[in-house]
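This report refers to the structure that appears directly beneath it.
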Amino acid sequence: MRALALEGTGGLKHLSVREVPTPVITRANDVRIRIHAAAINHLDLFVAGGLPGVEYTFPHVIGSDGAGVVESIGPAVRSVAVGDRVMVNPAISCGACQSCLEGEESLCREFRVLGEHLPGAMAEYVVVPEENVAPVPDAMPWDRAAAFSLATLTAWRMLTTRATLRPGETVLIWGIGGGVAQAALQIAKLLGAYAIITSGSDAKLEAARAMGSDAELNHARSDVVAEVRRLTGGRGSDVIADSVGERTWQASLRALRRGGRLVVCGATTGPMVNIDLRRLFWHQWTILGSTAGSRREYRDIVRLAGLGRLWPVVDRTVPLDRAVDALARLAGGEQFGKLVIEVTP
């Protein structure tokens, strides 16, 4: 089958469309999906660069998000049938450990993500457990279905489970051009929060305003901390959603109210930060990490997608042969929304 695969790590130069073995069903609960469309995440850039502690078997197929048609199923599969339109939850867990039994699959010690630890969805076929497959809402086109899962699941867990964002609270969301930030904005408005968003692009700020943001800050020329303080009457933000990392860390802390919650799901500008512990305990901040989500949380967002809510924004769709160009666009921060790859025309 054709797939976007790495022949080594060290950047996009090692990534190309190539022929790789077609995956086969090996377990009774396996589902094989013929992928129509797949979506790019920042994770794909990190995988191409090489992640510490992750060992790959080359060629390694990238891509966490995908949607397509069920092509074949294992003998124990009951929830989907051949021919169903489905999308993939890329968060794979063992299903049997204490965390999984408690419904906290993303804390599973064997937790893995498609395209990172396992062969990904940027291919003509992918095999995943039945538990990681969900129906595509009838009205949802392939590009939106492909772009839905990882970013929406990540943002949902960040704001609902981890930060417990409540109606009337203020949330600051950094970098509204990305999929997680856009999903976070949609979720914040669903929860009845006041959403402040940032971008270095006025065009992206204008697009976010059309999505329902309450205040927009250009972090390239504004003092975000001062503006957040002004917008909150000097109090600071109740919740801050940050996937940027090193570049925004200190500003996030300074913009956080006493007793506020900072929730982090990524580190696109670097992983190493400093904190003054005296400020941490004096202001009684809560700093939270968040990764992907549980099966229950995935069912929650699929239900909302079926109601026509939480649909991702798609920047553009390109054919598989232009996937590396799309990744370069993401690396340059040019996109507003998800970049989707048409795998099967």
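Letters A, B, ... mark the chains of the structure tokens in the order given; residue numbers begin at 1 per chain; ligand numbers begin at 1, in order shown.
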Identify, on the basis of only C-alpha atoms, every residue whose closest approach to A:Gln284 does not exceed 10 Å; exclude the query and any residue fewer than 6 positions from it along the same chain; express the result as a ChimeraX atom specification.
/A:257-261,278
Write down as a ChimeraX atom specification the residues belonging to stretch 44-140 of chain A that are assigned alpha helix (DSSP H) by DSSP computed on the backbone.
/A:44-49,98-101
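Interatomic distance, atom CA of A:Met87 to atom CA of A:Tyr56: 24.5 Å.
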For the structure I just gave you, how does DSSP split stretch 50-243 of chain A - specifically, which residues are strand (DSSP E or B)? Reply as JSON, numbers by chain.
{"A": [60, 61, 65, 66, 67, 68, 69, 70, 71, 72, 73, 85, 86, 87, 88, 91, 92, 112, 113, 114, 118, 123, 125, 126, 127, 128, 129, 133, 134, 135, 170, 171, 172, 173, 194, 195, 196, 197, 198, 199, 215, 216, 217, 218, 237, 238, 239, 240, 241, 242]}
Quick one: everything within 8 Å of A:Ile196, counting only C-alpha atoms, minus sequence neighbours fewer than 2 positions away in the same chain. Send it as a VMD selection string.
chain A and resid 170 to 173 194 198 213 to 217 228
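Of the listed residues A:Met211, A:Leu304, A:Ile62, A:Leu165, the one whose atoms come nearest to A:Asp238 is A:Leu165, with distances taken using only C-alpha atoms.
Using only C-alpha atoms, the residues found no farther than 10 Å from A:Ala220, other than those of its own chain fewer than 5 positions away, are Thr198, Ser199, Gly200, Ser201 and Asp202 of chain A.
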Save the residues we just selected, N, CA, C and O atoms, as a PDB file, in the first residue's frame?
```pdb
ATOM      1  N   THR A 198      -5.094  34.241  21.486  1.00  0.00           N
ATOM      2  CA  THR A 198      -3.963  34.992  20.960  1.00  0.00           C
ATOM      3  C   THR A 198      -3.504  34.423  19.628  1.00  0.00           C
ATOM      4  O   THR A 198      -3.731  33.257  19.313  1.00  0.00           O
ATOM      5  N   SER A 199      -2.851  35.283  18.867  1.00  0.00           N
ATOM      6  CA  SER A 199      -2.169  34.889  17.640  1.00  0.00           C
ATOM      7  C   SER A 199      -1.213  36.009  17.270  1.00  0.00           C
ATOM      8  O   SER A 199      -1.381  37.152  17.713  1.00  0.00           O
ATOM      9  N   GLY A 200      -0.225  35.697  16.463  1.00  0.00           N
ATOM     10  CA  GLY A 200       0.643  36.728  15.918  1.00  0.00           C
ATOM     11  C   GLY A 200       0.152  37.248  14.586  1.00  0.00           C
ATOM     12  O   GLY A 200       0.812  38.074  13.955  1.00  0.00           O
ATOM     13  N   SER A 201      -1.023  36.785  14.154  1.00  0.00           N
ATOM     14  CA  SER A 201      -1.589  37.157  12.855  1.00  0.00           C
ATOM     15  C   SER A 201      -2.949  37.812  13.050  1.00  0.00           C
ATOM     16  O   SER A 201      -3.855  37.216  13.640  1.00  0.00           O
ATOM     17  N   ASP A 202      -3.109  39.025  12.527  1.00  0.00           N
ATOM     18  CA  ASP A 202      -4.400  39.694  12.621  1.00  0.00           C
ATOM     19  C   ASP A 202      -5.481  38.931  11.859  1.00  0.00           C
ATOM     20  O   ASP A 202      -6.648  38.911  12.262  1.00  0.00           O
TER      21      ASP A 202
END
```
Selection: 12 Å around A:Arg254, only C-alpha atoms, excl. self and same-chain fewer than 4 positions, as a list of chain:residue names:
A:Leu172, A:Asp223, A:Val224, A:Val225, A:Ala226, A:Glu227, A:Val228, A:Arg229, A:Gly234, A:Arg235, A:Gly236, A:Ser237, A:Asp238, A:Ile240, A:Thr248, A:Trp249, A:Gln250, A:Arg258, A:Gly260, A:Leu262, A:Ile275, A:Asp276, A:Arg279, A:Leu280, A:His283, A:Trp285
Where does stretch 215-324 of chain A meet stretch 144-162 of chain A within 8 Å, residue by residue, with the nearest atom pair and distance in Å to one decimal for each, counting only C-alpha atoms, listed by chain and rising number, as a tab-separated table?
```
residue	atom	partner	partner_atom	distance
A:Ala241	CA	A:Met158	CA	7.5
A:Val263	CA	A:Met158	CA	6.4
A:Val264	CA	A:Met158	CA	7.7
A:Cys265	CA	A:Met158	CA	7.4
A:Leu288	CA	A:Arg162	CA	6.8
A:Gly289	CA	A:Arg162	CA	7.9
A:Ser290	CA	A:Met158	CA	5.8
A:Thr291	CA	A:Thr154	CA	6.2
A:Ala292	CA	A:Thr154	CA	4.3
A:Gly293	CA	A:Arg157	CA	5.7
A:Glu297	CA	A:Arg157	CA	7.0
A:Tyr298	CA	A:Leu153	CA	6.1
A:Ile301	CA	A:Leu153	CA	7.0
A:Leu310	CA	A:Thr152	CA	7.4
A:Trp311	CA	A:Arg144	CA	6.7
A:Pro312	CA	A:Phe148	CA	5.7
A:Val313	CA	A:Arg144	CA	7.3
A:Val314	CA	A:Arg144	CA	6.8
```
Which residues are close to A:Glu105, i.e. within 7 Å by only C-alpha atoms, leaving aside same-chain residues fewer than 6 positions away? Reply as a list of chain:residue names.
A:Ser93, A:Ser99, A:Ser294, A:Arg295
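Distance-wise, atom CA of A:Arg303 and atom CA of A:Ile197 end up 25.8 Å apart.
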Closest atom pairs, residues of stretch 225-304 of chain A within 10 Å of stretch 37-52 of chain A, only C-alpha atoms, as CSV:
```
residue,atom,partner,partner_atom,distance
A:Gly266,CA,A:Leu43,CA,9.2
A:Ala267,CA,A:His42,CA,9.9
A:Thr268,CA,A:His42,CA,7.6
```
